[in-house]
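K.L.:
I am sharing entry_4.cif, which consists of mmCIF, C-alpha atoms:
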```cif
data_data
#
loop_
_atom_site.group_PDB
_atom_site.id
_atom_site.type_symbol
_atom_site.label_atom_id
_atom_site.label_comp_id
_atom_site.auth_asym_id
_atom_site.auth_seq_id
_atom_site.Cartn_x
_atom_site.Cartn_y
_atom_site.Cartn_z
ATOM 1 C CA GLY A 7 24.855 22.782 -3.731
ATOM 2 C CA PRO A 8 23.109 20.081 -5.778
ATOM 3 C CA PRO A 9 25.167 16.999 -6.686
ATOM 4 C CA SER A 10 26.807 16.895 -10.080
ATOM 5 C CA THR A 11 24.836 15.285 -12.905
ATOM 6 C CA ASP A 12 27.961 14.491 -14.910
ATOM 7 C CA PRO A 13 27.616 10.794 -15.903
ATOM 8 C CA ALA A 14 31.101 9.893 -14.673
ATOM 9 C CA GLU A 15 30.367 11.490 -11.309
ATOM 10 C CA VAL A 16 26.990 9.759 -11.077
ATOM 11 C CA GLN A 17 28.627 6.410 -11.802
ATOM 12 C CA ARG A 18 31.291 7.054 -9.158
ATOM 13 C CA ARG A 19 28.734 8.005 -6.490
ATOM 14 C CA THR A 20 26.542 5.031 -7.365
ATOM 15 C CA THR A 21 29.469 2.624 -7.131
ATOM 16 C CA GLU A 22 30.650 4.034 -3.812
ATOM 17 C CA ALA A 23 27.141 3.932 -2.342
ATOM 18 C CA ALA A 24 26.588 0.341 -3.477
ATOM 19 C CA LEU A 25 29.915 -0.783 -2.015
ATOM 20 C CA LEU A 26 29.208 1.040 1.239
ATOM 21 C CA GLN A 27 25.901 -0.790 1.571
ATOM 22 C CA LEU A 28 27.506 -4.077 0.522
ATOM 23 C CA GLY A 29 30.002 -3.728 3.343
ATOM 24 C CA HIS A 30 27.077 -3.420 5.740
ATOM 25 C CA GLY A 31 25.518 -6.596 4.342
ATOM 26 C CA ALA A 32 23.157 -5.461 1.565
ATOM 27 C CA THR A 33 23.846 -7.785 -1.379
ATOM 28 C CA ALA A 34 20.859 -6.377 -3.302
ATOM 29 C CA VAL A 35 19.871 -2.723 -3.646
ATOM 30 C CA ARG A 36 17.116 -0.875 -5.484
ATOM 31 C CA THR A 37 18.244 2.611 -6.433
ATOM 32 C CA HIS A 38 15.888 5.328 -7.676
ATOM 33 C CA VAL A 39 17.112 7.351 -10.646
ATOM 34 C CA ARG A 40 15.594 10.603 -11.842
ATOM 35 C CA ILE A 41 14.934 10.738 -15.574
ATOM 36 C CA GLY A 42 13.814 13.639 -17.733
ATOM 37 C CA ASP A 43 14.351 17.374 -17.204
ATOM 38 C CA VAL A 44 17.744 18.490 -18.507
ATOM 39 C CA THR A 45 19.549 15.225 -17.744
ATOM 40 C CA GLY A 46 17.328 12.988 -19.859
ATOM 41 C CA LEU A 47 18.515 9.399 -19.503
ATOM 42 C CA ARG A 48 22.184 10.153 -18.820
ATOM 43 C CA ALA A 49 21.949 9.475 -15.076
ATOM 44 C CA LEU A 50 20.272 6.141 -15.759
ATOM 45 C CA GLU A 51 22.980 5.207 -18.254
ATOM 46 C CA ALA A 52 25.612 5.956 -15.588
ATOM 47 C CA VAL A 53 23.816 3.851 -12.961
ATOM 48 C CA LEU A 54 23.452 0.951 -15.391
ATOM 49 C CA ALA A 55 27.182 1.196 -16.111
ATOM 50 C CA ALA A 56 27.834 0.972 -12.365
ATOM 51 C CA ARG A 57 25.546 -2.064 -12.180
ATOM 52 C CA ARG A 58 27.549 -3.839 -14.862
ATOM 53 C CA ALA A 59 30.830 -3.024 -13.104
ATOM 54 C CA LEU A 60 29.507 -4.363 -9.793
ATOM 55 C CA ARG A 61 28.178 -7.647 -11.190
ATOM 56 C CA GLY A 62 29.329 -10.508 -9.006
ATOM 57 C CA LEU A 63 29.659 -8.248 -5.958
ATOM 58 C CA THR A 64 26.118 -6.989 -5.513
ATOM 59 C CA ASP A 65 22.797 -6.980 -7.361
ATOM 60 C CA LEU A 66 21.959 -3.369 -8.205
ATOM 61 C CA THR A 67 18.488 -2.786 -9.634
ATOM 62 C CA THR A 68 17.119 0.520 -10.853
ATOM 63 C CA ALA A 69 13.793 2.297 -10.567
ATOM 64 C CA ALA A 70 13.313 4.984 -13.222
ATOM 65 C CA VAL A 71 11.591 8.017 -11.702
ATOM 66 C CA PRO A 72 10.088 10.783 -13.905
ATOM 67 C CA ARG A 73 8.963 14.007 -12.270
ATOM 68 C CA LEU A 74 5.909 14.631 -14.483
ATOM 69 C CA LEU A 75 3.725 12.275 -16.524
ATOM 70 C CA THR A 76 0.771 14.472 -17.483
ATOM 71 C CA GLY A 77 0.410 17.442 -19.830
ATOM 72 C CA ALA A 78 2.823 18.299 -22.636
ATOM 73 C CA ALA A 79 5.928 17.739 -20.536
ATOM 74 C CA GLY A 80 4.465 14.499 -19.232
ATOM 75 C CA ALA A 81 4.108 13.032 -22.719
ATOM 76 C CA ASP A 82 7.851 13.366 -23.279
ATOM 77 C CA SER A 83 8.543 11.855 -19.850
ATOM 78 C CA ALA A 84 6.264 8.888 -20.547
ATOM 79 C CA ALA A 85 8.139 8.150 -23.773
ATOM 80 C CA MET A 86 11.416 8.471 -21.896
ATOM 81 C CA LEU A 87 10.165 6.120 -19.173
ATOM 82 C CA ARG A 88 9.417 3.459 -21.793
ATOM 83 C CA ASP A 89 12.938 3.928 -23.158
ATOM 84 C CA ALA A 90 14.325 3.598 -19.615
ATOM 85 C CA VAL A 91 12.667 0.201 -19.201
ATOM 86 C CA LYS A 92 14.062 -0.948 -22.543
ATOM 87 C CA MET A 93 17.522 0.167 -21.403
ATOM 88 C CA GLY A 94 17.366 -1.983 -18.272
ATOM 89 C CA ALA A 95 15.360 -0.270 -15.543
ATOM 90 C CA THR A 96 13.482 -3.044 -13.744
ATOM 91 C CA THR A 97 11.072 -0.846 -11.796
ATOM 92 C CA VAL A 98 9.034 2.256 -12.613
ATOM 93 C CA GLY A 99 8.360 4.744 -9.878
ATOM 94 C CA GLY A 100 7.819 8.308 -8.935
ATOM 95 C CA CYS A 101 5.947 10.722 -6.738
ATOM 96 C CA PRO A 102 2.372 11.307 -7.965
ATOM 97 C CA ASP A 103 1.886 14.059 -5.381
ATOM 98 C CA LEU A 104 4.282 16.326 -7.300
ATOM 99 C CA ASP A 105 2.353 16.099 -10.581
ATOM 100 C CA PRO A 106 -0.519 18.564 -11.194
ATOM 101 C CA ASP A 107 -2.683 15.488 -11.873
ATOM 102 C CA PRO A 108 -1.702 12.771 -9.347
ATOM 103 C CA ALA A 109 -4.343 10.339 -10.632
ATOM 104 C CA GLY A 110 -3.224 10.849 -14.236
ATOM 105 C CA TYR A 111 0.395 10.343 -13.214
ATOM 106 C CA THR A 112 -0.426 7.076 -11.469
ATOM 107 C CA GLU A 113 -2.566 5.843 -14.355
ATOM 108 C CA THR A 114 0.215 6.444 -16.887
ATOM 109 C CA LEU A 115 2.816 4.830 -14.644
ATOM 110 C CA LEU A 116 0.698 1.738 -14.077
ATOM 111 C CA GLU A 117 -0.008 1.470 -17.803
ATOM 112 C CA ILE A 118 3.711 1.449 -18.613
ATOM 113 C CA ALA A 119 4.377 -1.052 -15.817
ATOM 114 C CA ALA A 120 1.703 -3.358 -17.210
ATOM 115 C CA GLU A 121 3.140 -3.083 -20.735
ATOM 116 C CA HIS A 122 6.571 -4.236 -19.595
ATOM 117 C CA GLY A 123 5.771 -6.356 -16.527
ATOM 118 C CA CYS A 124 7.672 -4.017 -14.217
ATOM 119 C CA ALA A 125 7.398 -3.582 -10.487
ATOM 120 C CA VAL A 126 6.010 -0.263 -9.256
ATOM 121 C CA ASP A 127 7.557 1.845 -6.485
ATOM 122 C CA LEU A 128 5.627 4.994 -5.583
ATOM 123 C CA HIS A 129 6.707 7.697 -3.172
ATOM 124 C CA THR A 130 4.086 9.445 -1.104
ATOM 125 C CA ASP A 131 4.020 11.200 2.222
ATOM 126 C CA ALA A 132 0.467 9.827 2.718
ATOM 127 C CA ASP A 133 -0.628 12.851 4.725
ATOM 128 C CA ASP A 134 -3.828 13.317 2.668
ATOM 129 C CA PRO A 135 -6.266 10.436 3.394
ATOM 130 C CA ALA A 136 -8.468 11.126 0.355
ATOM 131 C CA ARG A 137 -5.527 11.245 -2.063
ATOM 132 C CA LEU A 138 -4.014 8.123 -0.527
ATOM 133 C CA ALA A 139 -7.350 6.284 -0.817
ATOM 134 C CA ARG A 140 -7.502 7.091 -4.558
ATOM 135 C CA LEU A 141 -3.906 5.971 -5.033
ATOM 136 C CA VAL A 142 -4.491 2.700 -3.187
ATOM 137 C CA ALA A 143 -7.688 2.003 -5.126
ATOM 138 C CA MET A 144 -5.865 2.431 -8.441
ATOM 139 C CA THR A 145 -3.091 0.024 -7.483
ATOM 140 C CA ALA A 146 -5.201 -2.604 -5.687
ATOM 141 C CA GLY A 147 -4.506 -6.175 -6.672
ATOM 142 C CA LEU A 148 -1.725 -5.425 -9.140
ATOM 143 C CA ARG A 149 0.954 -8.045 -9.722
ATOM 144 C CA PRO A 150 3.763 -7.611 -9.143
ATOM 145 C CA ALA A 151 2.569 -5.794 -6.052
ATOM 146 C CA VAL A 152 3.037 -2.066 -5.624
ATOM 147 C CA THR A 153 5.407 -0.624 -3.038
ATOM 148 C CA LEU A 154 4.474 2.663 -1.383
ATOM 149 C CA GLY A 155 6.684 4.718 0.870
ATOM 150 C CA PRO A 156 7.782 6.301 3.067
ATOM 151 C CA CYS A 157 4.189 7.137 4.179
ATOM 152 C CA SER A 158 5.510 9.104 7.159
ATOM 153 C CA GLY A 159 2.469 11.409 6.964
ATOM 154 C CA LEU A 160 0.353 8.606 8.429
ATOM 155 C CA ALA A 161 2.008 9.305 11.770
ATOM 156 C CA ARG A 162 0.660 12.875 11.702
ATOM 157 C CA LEU A 163 -2.933 11.897 10.957
ATOM 158 C CA PRO A 164 -5.542 11.435 13.684
ATOM 159 C CA ARG A 165 -5.465 7.836 14.877
ATOM 160 C CA PRO A 166 -8.840 6.837 13.330
ATOM 161 C CA ALA A 167 -7.846 8.248 9.917
ATOM 162 C CA ALA A 168 -4.463 6.515 10.024
ATOM 163 C CA ALA A 169 -6.135 3.228 10.981
ATOM 164 C CA ARG A 170 -8.569 3.470 8.044
ATOM 165 C CA ALA A 171 -5.675 4.177 5.682
ATOM 166 C CA ALA A 172 -3.792 1.150 7.026
ATOM 167 C CA GLU A 173 -6.835 -1.058 6.436
ATOM 168 C CA GLN A 174 -7.095 0.203 2.853
ATOM 169 C CA LEU A 175 -3.416 -0.530 2.240
ATOM 170 C CA ALA A 176 -3.817 -4.039 3.633
ATOM 171 C CA ALA A 177 -6.905 -4.733 1.517
ATOM 172 C CA ALA A 178 -5.061 -3.590 -1.629
ATOM 173 C CA GLY A 179 -2.111 -5.889 -0.925
ATOM 174 C CA ALA A 180 0.335 -2.987 -0.999
ATOM 175 C CA THR A 181 3.743 -3.068 0.638
ATOM 176 C CA VAL A 182 4.868 -0.027 2.625
ATOM 177 C CA ALA A 183 8.602 0.747 2.581
ATOM 178 C CA VAL A 184 9.357 2.910 5.606
ATOM 179 C CA LEU A 185 12.409 5.014 6.380
ATOM 180 C CA PRO A 186 13.005 4.675 10.130
ATOM 181 C CA GLN A 187 15.476 7.560 10.154
ATOM 182 C CA GLY A 188 12.847 9.822 8.509
ATOM 183 C CA GLY A 189 13.130 12.102 5.517
ATOM 184 C CA CYS A 190 12.713 11.431 1.801
ATOM 185 C CA PRO A 191 13.801 14.023 -0.782
ATOM 186 C CA LEU A 192 11.570 12.590 -3.511
ATOM 187 C CA THR A 193 8.423 13.610 -1.622
ATOM 188 C CA GLU A 194 9.872 17.094 -1.057
ATOM 189 C CA ARG A 195 8.797 17.040 2.598
ATOM 190 C CA ARG A 196 12.326 17.630 3.773
ATOM 191 C CA ASN A 197 11.258 19.671 6.772
ATOM 192 C CA ARG A 198 9.052 16.882 8.115
ATOM 193 C CA ALA A 199 10.890 14.324 10.171
ATOM 194 C CA GLY A 200 9.560 11.073 11.537
ATOM 195 C CA ALA A 201 8.669 7.659 10.202
ATOM 196 C CA ALA A 202 5.480 5.795 9.363
ATOM 197 C CA PRO A 203 3.581 4.126 12.238
ATOM 198 C CA VAL A 204 4.856 0.603 11.664
ATOM 199 C CA ARG A 205 3.032 -0.954 14.609
ATOM 200 C CA LEU A 206 -0.311 0.358 13.335
ATOM 201 C CA LEU A 207 0.394 -0.805 9.777
ATOM 202 C CA ARG A 208 1.408 -4.287 10.850
ATOM 203 C CA ALA A 209 -1.624 -4.598 13.110
ATOM 204 C CA ALA A 210 -3.816 -3.923 10.056
ATOM 205 C CA GLY A 211 -2.042 -6.656 8.092
ATOM 206 C CA VAL A 212 0.138 -4.437 5.883
ATOM 207 C CA ARG A 213 3.429 -5.949 4.742
ATOM 208 C CA VAL A 214 6.185 -3.577 5.876
ATOM 209 C CA THR A 215 9.775 -3.376 4.744
ATOM 210 C CA ALA A 216 12.397 -0.806 5.696
ATOM 211 C CA GLY A 217 15.235 0.959 3.960
ATOM 212 C CA SER A 218 17.889 3.580 4.473
ATOM 213 C CA GLY A 219 16.799 6.126 1.886
ATOM 214 C CA ALA A 220 19.259 8.350 0.085
ATOM 215 C CA LEU A 221 22.772 8.817 1.428
ATOM 216 C CA ARG A 222 23.732 12.143 2.971
ATOM 217 C CA ASP A 223 21.243 14.381 1.235
ATOM 218 C CA ALA A 224 19.262 17.343 2.524
ATOM 219 C CA ALA A 225 16.747 15.021 4.169
ATOM 220 C CA ASN A 226 19.382 12.900 5.924
ATOM 221 C CA PRO A 227 22.879 14.429 5.933
ATOM 222 C CA VAL A 228 24.365 11.598 8.011
ATOM 223 C CA GLY A 229 22.972 8.512 6.234
ATOM 224 C CA ARG A 230 24.927 5.289 6.604
ATOM 225 C CA GLY A 231 23.182 2.996 4.124
ATOM 226 C CA ASP A 232 23.098 0.283 6.767
ATOM 227 C CA PRO A 233 20.094 -2.089 6.777
ATOM 228 C CA LEU A 234 20.898 -3.203 10.321
ATOM 229 C CA GLU A 235 20.710 0.427 11.434
ATOM 230 C CA ALA A 236 17.221 0.659 9.917
ATOM 231 C CA ALA A 237 16.248 -2.479 11.851
ATOM 232 C CA TYR A 238 17.850 -1.087 15.009
ATOM 233 C CA LEU A 239 15.838 2.120 14.716
ATOM 234 C CA LEU A 240 12.578 0.218 14.243
ATOM 235 C CA ALA A 241 13.253 -1.849 17.341
ATOM 236 C CA SER A 242 14.635 0.992 19.451
ATOM 237 C CA HIS A 243 11.607 3.190 18.678
ATOM 238 C CA GLY A 244 9.320 0.423 19.871
ATOM 239 C CA GLU A 245 7.640 -0.067 16.493
ATOM 240 C CA THR A 246 8.572 -3.778 16.297
ATOM 241 C CA GLY A 247 10.554 -6.370 18.181
ATOM 242 C CA PRO A 248 14.114 -7.166 17.043
ATOM 243 C CA GLU A 249 13.053 -10.258 15.089
ATOM 244 C CA ASP A 250 10.360 -8.463 13.089
ATOM 245 C CA ALA A 251 12.664 -5.477 12.563
ATOM 246 C CA TYR A 252 15.335 -7.715 11.069
ATOM 247 C CA GLU A 253 12.721 -9.481 8.933
ATOM 248 C CA ALA A 254 11.746 -6.091 7.464
ATOM 249 C CA VAL A 255 15.257 -5.461 6.105
ATOM 250 C CA SER A 256 16.071 -9.037 5.102
ATOM 251 C CA ALA A 257 13.483 -11.604 3.962
ATOM 252 C CA THR A 258 10.682 -9.092 3.346
ATOM 253 C CA ALA A 259 13.018 -6.741 1.497
ATOM 254 C CA ARG A 260 14.204 -9.573 -0.762
ATOM 255 C CA ASP A 261 10.611 -10.530 -1.504
ATOM 256 C CA VAL A 262 9.770 -6.930 -2.451
ATOM 257 C CA LEU A 263 12.747 -6.907 -4.827
ATOM 258 C CA GLY A 264 11.517 -10.125 -6.434
ATOM 259 C CA LEU A 265 14.468 -12.153 -5.158
ATOM 260 C CA PRO A 266 14.280 -15.800 -4.052
ATOM 261 C CA GLU A 267 13.969 -16.752 -0.404
ATOM 262 C CA VAL A 268 17.146 -17.381 1.566
ATOM 263 C CA ARG A 269 17.548 -19.990 4.284
ATOM 264 C CA VAL A 270 20.663 -21.465 5.825
ATOM 265 C CA GLU A 271 19.892 -24.774 4.151
ATOM 266 C CA ALA A 272 21.125 -26.698 1.135
ATOM 267 C CA GLY A 273 19.509 -25.608 -2.101
ATOM 268 C CA PHE A 274 18.896 -21.983 -1.114
ATOM 269 C CA PRO A 275 20.859 -18.977 -2.441
ATOM 270 C CA ALA A 276 24.105 -18.357 -0.559
ATOM 271 C CA GLU A 277 23.277 -14.733 0.317
ATOM 272 C CA LEU A 278 24.388 -14.469 3.922
ATOM 273 C CA LEU A 279 25.543 -11.943 6.504
ATOM 274 C CA ALA A 280 27.580 -13.168 9.466
ATOM 275 C CA VAL A 281 27.567 -10.788 12.414
ATOM 276 C CA ARG A 282 29.407 -11.094 15.709
ATOM 277 C CA GLY A 283 26.883 -11.240 18.533
ATOM 278 C CA ARG A 284 25.295 -13.563 21.056
ATOM 279 C CA ASN A 285 21.770 -13.122 19.702
ATOM 280 C CA LEU A 286 19.752 -10.987 17.292
ATOM 281 C CA PRO A 287 19.177 -8.049 19.688
ATOM 282 C CA GLY A 288 22.900 -8.039 20.424
ATOM 283 C CA ALA A 289 23.729 -8.101 16.718
ATOM 284 C CA LEU A 290 21.438 -5.142 16.018
ATOM 285 C CA SER A 291 22.931 -3.227 18.920
ATOM 286 C CA LEU A 292 26.645 -3.880 18.335
ATOM 287 C CA ALA A 293 27.000 -5.163 14.773
ATOM 288 C CA TYR A 294 30.509 -3.881 14.166
ATOM 289 C CA SER A 295 32.235 -6.948 12.687
ATOM 290 C CA ARG A 296 30.570 -8.469 9.626
ATOM 291 C CA VAL A 297 31.257 -10.973 6.855
ATOM 292 C CA VAL A 298 29.142 -10.668 3.695
ATOM 293 C CA ILE A 299 28.589 -13.632 1.361
ATOM 294 C CA HIS A 300 27.115 -13.110 -2.119
ATOM 295 C CA ARG A 301 26.537 -15.968 -4.542
ATOM 296 C CA GLY A 302 28.564 -18.313 -2.381
ATOM 297 C CA ARG A 303 31.715 -16.261 -1.877
ATOM 298 C CA VAL A 304 32.893 -13.702 0.642
ATOM 299 C CA VAL A 305 32.590 -10.288 -1.010
ATOM 300 C CA ALA A 306 33.121 -7.985 1.983
ATOM 301 C CA ARG A 307 34.598 -8.229 5.445
ATOM 302 C CA THR A 308 34.574 -5.673 8.251
ATOM 303 C CA SER A 309 36.564 -6.240 11.433
ATOM 304 C CA ALA A 310 36.238 -3.944 14.421
ATOM 305 C CA VAL A 311 38.987 -3.889 17.019
ATOM 306 C CA ARG A 312 38.379 -2.291 20.403
ATOM 307 C CA GLU A 313 41.320 -1.701 22.751
ATOM 308 C CA PHE A 314 41.434 -0.354 26.288
ATOM 309 C CA CYS A 315 44.437 0.975 28.096
ATOM 310 C CA ASP A 316 45.541 -0.399 31.441
ATOM 311 C CA ALA A 317 43.620 0.679 34.494
ATOM 312 C CA GLN A 318 45.167 3.584 36.390
ATOM 313 C CA PRO A 319 47.579 2.016 38.854
ATOM 314 C CA SER A 320 46.713 2.607 42.472
ATOM 315 C CA GLY A 321 48.994 4.537 44.757
ATOM 316 C CA PRO A 322 51.498 2.954 47.173
#
```
Give the structure from the file, written as structure tokens.
P.N.:
Amino acid sequence: GPPSTDPAEVQRRTTEAALLQLGHGATAVRTHVRIGDVTGLRALEAVLAARRALRGLTDLTTAAVPRLLTGAAGADSAAMLRDAVKMGATTVGGCPDLDPDPAGYTETLLEIAAEHGCAVDLHTDADDPARLARLVAMTAGLRPAVTLGPCSGLARLPRPAAARAAEQLAAAGATVAVLPQGGCPLTERRNRAGAAPVRLLRAAGVRVTAGSGALRDAANPVGRGDPLEAAYLLASHGETGPEDAYEAVSATARDVLGLPEVRVEAGFPAELLAVRGRNLPGALSLAYSRVVIHRGRVVARTSAVREFCDAQPSGP
């Protein structure tokens, strides 16, 4: 059945998910929170409470996501979205494709983002070239830049149409956040697996980042919340090399979240992940043991121990 919307339960799930991802090395997470309908702003309040409790361990940011923003119901949701930003949501987002008026939804969302200087994170399957072109045109040149994802529908388009869409995304300066494991419940395309064509997007000049999506939902019942797994999947599917795959879940992801650059040099933020491995491909393949450093201190440690029994003794 659907997960409980009780605030205490939402806070517990949020905390557990954030700590799970922290253990994997994610010291900053953007979580998408539904607002409106029967729950109003209660889920957001619970997530913000979890953020306060986790301060010093991980940076948890929230994207407030209304279902509708047009018509009579949309007017209430727009007012609620403004309240969500005042409460502490740092990003406004949603899925225009689910609104009866996708263009109106996007226009209202962008207006609220401009009022408050918020980042914008839009979910779209991107399987309709004309609709995607309108969406990209509306968001072109906005600062802070708009993130679109998971855009897995691009992989199902004819190659020429997908290439044109990639060029439009690049010209607009949009970032595409892909889900290498496939599936995104917000787009309600749960029966459509697969990921966006990262190689095609990068060739067109689109900035690409990658995430893990929701944890263990109908779209992905075995999610791990592991950024290195997302990088592993990108590399193993042949969409990027290991270096670019890791870049998509590390430096590029931080930039999308508006966080400062990290280098292993004096003067840069001490946000580090130490992984046992001889090189980057080895780390992505067998990243079992990890040490996570956030704001200069070790906040999580995972040690994997592998033991083998003695070889079967030979006969006399």
K.L.:
Give me the residues of segment 234-302 of chain A that have any atom at most 12 Å from an atom of segment 34-45 of chain A; for each, the nearest atom pair and the distance in Å, rounded to one decimal. Use all atoms listed in the file, sort by chain and number, and format it as a tab-separated table.
P.N.:
```
residue	atom	partner	partner_atom	distance
A:Val255	CA	A:Ala34	CA	11.0
A:Ser256	CA	A:Ala34	CA	10.0
A:Ala257	CA	A:Ala34	CA	11.6
A:Ala259	CA	A:Ala34	CA	9.2
A:Arg260	CA	A:Ala34	CA	7.8
A:Asp261	CA	A:Ala34	CA	11.2
A:Val262	CA	A:Arg36	CA	10.0
A:Leu263	CA	A:Arg36	CA	7.5
A:Gly264	CA	A:Ala34	CA	10.5
A:Leu265	CA	A:Ala34	CA	8.8
A:Pro266	CA	A:Ala34	CA	11.5
A:Glu277	CA	A:Ala34	CA	9.4
A:Leu278	CA	A:Ala34	CA	11.4
A:Val298	CA	A:Ala34	CA	11.7
A:Ile299	CA	A:Ala34	CA	11.6
A:His300	CA	A:Ala34	CA	9.3
A:Arg301	CA	A:Ala34	CA	11.2
```
K.L.:
Please produce, as a tab-separated table, a per-residue contact table for segment 25-109 of chain A versus segment 131-146 of chain A (criterion: any atom at most 10 Å away, all atoms listed in the file considered), showing the nearest atom pair and its distance in Å to one decimal, sorted by chain then residue number.
P.N.:
```
residue	atom	partner	partner_atom	distance
A:Cys101	CA	A:Asp131	CA	9.2
A:Pro102	CA	A:Leu141	CA	8.7
A:Asp103	CA	A:Asp131	CA	8.4
A:Pro108	CA	A:Leu141	CA	8.3
A:Ala109	CA	A:Leu141	CA	7.1
```
K.L.:
Name every residue that the PyMOL selection byres ((chain A and resi 286) around 12) selects in this structure, writing the answer as a VMD selection string with chains first and numbers rising.
P.N.:
chain A and resid 234 237 to 238 241 247 to 253 280 to 285 287 to 293
K.L.:
Which is closer to Ala49 of chain A than all the others in A:Thr11, A:Ala201, A:Met86, A:Leu66, using all atoms listed in the file?
P.N.:
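Among A:Thr11, A:Ala201, A:Met86, A:Leu66, it is A:Thr11 that comes nearest to Ala49 of chain A.
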K.L.:
What is the distance between atom CA of Thr153 of chain A and atom CA of Asp65 of chain A, in Å to one decimal?
P.N.:
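A separation of 19.0 Å between them.
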K.L.:
For atom CA of Gln27 of chain A and atom CA of Ser218 of chain A, determine how far apart the two atoms are, in Å to one decimal place.
P.N.:
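Atom CA of Gln27 of chain A sits 9.6 Å away from atom CA of Ser218 of chain A.
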K.L.:
Please identify all polymer residues within 8 Å of segment 309-313 of chain A, counting all atoms listed in the file, omitting same-chain residues fewer than 3 positions from it, and present them as a list in words.
P.N.:
Tyr294, Ser295 and Arg296 of chain A
K.L.:
Kindly give the distance, in Å, that separates atom CA of Leu87 of chain A and atom CA of Pro156 of chain A, rounded to a single decimal.
P.N.:
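Separation of atom CA of Leu87 of chain A and atom CA of Pro156 of chain A: 22.4 Å.
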K.L.:
With distances taken over only C-alpha atoms, which of A:Ala202, A:Ala84, A:Leu63, A:Ala236 is nearest to Gly217 of chain A?
P.N.:
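With only C-alpha atoms as the atom set, the closest residue is A:Ala236.
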K.L.:
A:Ala14, A:Ala180, A:Leu175, A:Leu104: which is nearest Val152 of chain A, counting only C-alpha atoms?
P.N.:
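Among the listed residues, the smallest separation from Val152 of chain A belongs to A:Ala180.
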K.L.:
Using the chain letters and numbering of this document, enumerate as a tab-separated table (two decimals) with C-alpha atoms, keeping the file's coordinate frame the residues selected by the PyMOL selection byres ((chain A and resi 203-207) around 12).
P.N.:
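Once written, out_39.tsv looks like this:
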```
chain	number	residue	atom	x	y	z
A	132	ALA	CA	0.47	9.83	2.72
A	155	GLY	CA	6.68	4.72	0.87
A	156	PRO	CA	7.78	6.30	3.07
A	157	CYS	CA	4.19	7.14	4.18
A	158	SER	CA	5.51	9.10	7.16
A	159	GLY	CA	2.47	11.41	6.96
A	160	LEU	CA	0.35	8.61	8.43
A	161	ALA	CA	2.01	9.30	11.77
A	162	ARG	CA	0.66	12.88	11.70
A	163	LEU	CA	-2.93	11.90	10.96
A	164	PRO	CA	-5.54	11.44	13.68
A	165	ARG	CA	-5.46	7.84	14.88
A	166	PRO	CA	-8.84	6.84	13.33
A	167	ALA	CA	-7.85	8.25	9.92
A	168	ALA	CA	-4.46	6.52	10.02
A	169	ALA	CA	-6.14	3.23	10.98
A	170	ARG	CA	-8.57	3.47	8.04
A	171	ALA	CA	-5.68	4.18	5.68
A	172	ALA	CA	-3.79	1.15	7.03
A	173	GLU	CA	-6.84	-1.06	6.44
A	174	GLN	CA	-7.10	0.20	2.85
A	175	LEU	CA	-3.42	-0.53	2.24
A	176	ALA	CA	-3.82	-4.04	3.63
A	177	ALA	CA	-6.90	-4.73	1.52
A	180	ALA	CA	0.34	-2.99	-1.00
A	181	THR	CA	3.74	-3.07	0.64
A	182	VAL	CA	4.87	-0.03	2.62
A	183	ALA	CA	8.60	0.75	2.58
A	184	VAL	CA	9.36	2.91	5.61
A	185	LEU	CA	12.41	5.01	6.38
A	186	PRO	CA	13.00	4.68	10.13
A	188	GLY	CA	12.85	9.82	8.51
A	200	GLY	CA	9.56	11.07	11.54
A	201	ALA	CA	8.67	7.66	10.20
A	202	ALA	CA	5.48	5.80	9.36
A	208	ARG	CA	1.41	-4.29	10.85
A	209	ALA	CA	-1.62	-4.60	13.11
A	210	ALA	CA	-3.82	-3.92	10.06
A	211	GLY	CA	-2.04	-6.66	8.09
A	212	VAL	CA	0.14	-4.44	5.88
A	213	ARG	CA	3.43	-5.95	4.74
A	214	VAL	CA	6.18	-3.58	5.88
A	215	THR	CA	9.78	-3.38	4.74
A	216	ALA	CA	12.40	-0.81	5.70
A	237	ALA	CA	16.25	-2.48	11.85
A	239	LEU	CA	15.84	2.12	14.72
A	240	LEU	CA	12.58	0.22	14.24
A	241	ALA	CA	13.25	-1.85	17.34
A	243	HIS	CA	11.61	3.19	18.68
A	244	GLY	CA	9.32	0.42	19.87
A	245	GLU	CA	7.64	-0.07	16.49
A	246	THR	CA	8.57	-3.78	16.30
A	247	GLY	CA	10.55	-6.37	18.18
A	250	ASP	CA	10.36	-8.46	13.09
A	251	ALA	CA	12.66	-5.48	12.56
A	254	ALA	CA	11.75	-6.09	7.46
```
K.L.:
Any chance you could resolve the PyMOL selection byres ((chain A and resi 16-26) around 7) against this file and give the residues as a PyMOL selection string?
P.N.:
chain A and resi 11-15+27-30+49+52-53+55-56+231
K.L.:
Is there a way to complete segment 271-275 of chain A with N, CA and C atoms and then write that out as a short mmCIF file (atom, residue, chain, number, x, y, z; two decimals), in the coordinates of the input?
P.N.:
```cif
data_model
loop_
_atom_site.label_atom_id
_atom_site.label_comp_id
_atom_site.auth_asym_id
_atom_site.auth_seq_id
_atom_site.Cartn_x
_atom_site.Cartn_y
_atom_site.Cartn_z
N GLU A 271 20.14 -23.38 4.47
CA GLU A 271 19.89 -24.77 4.15
C GLU A 271 20.39 -25.04 2.74
N ALA A 272 20.69 -26.31 2.48
CA ALA A 272 21.12 -26.70 1.14
C ALA A 272 20.04 -26.40 0.12
N GLY A 273 20.45 -25.89 -1.03
CA GLY A 273 19.51 -25.61 -2.10
C GLY A 273 19.02 -24.18 -2.16
N PHE A 274 19.32 -23.38 -1.12
CA PHE A 274 18.90 -21.98 -1.11
C PHE A 274 20.06 -21.08 -1.51
N PRO A 275 19.78 -19.88 -2.03
CA PRO A 275 20.86 -18.98 -2.44
C PRO A 275 21.81 -18.67 -1.28
#
```
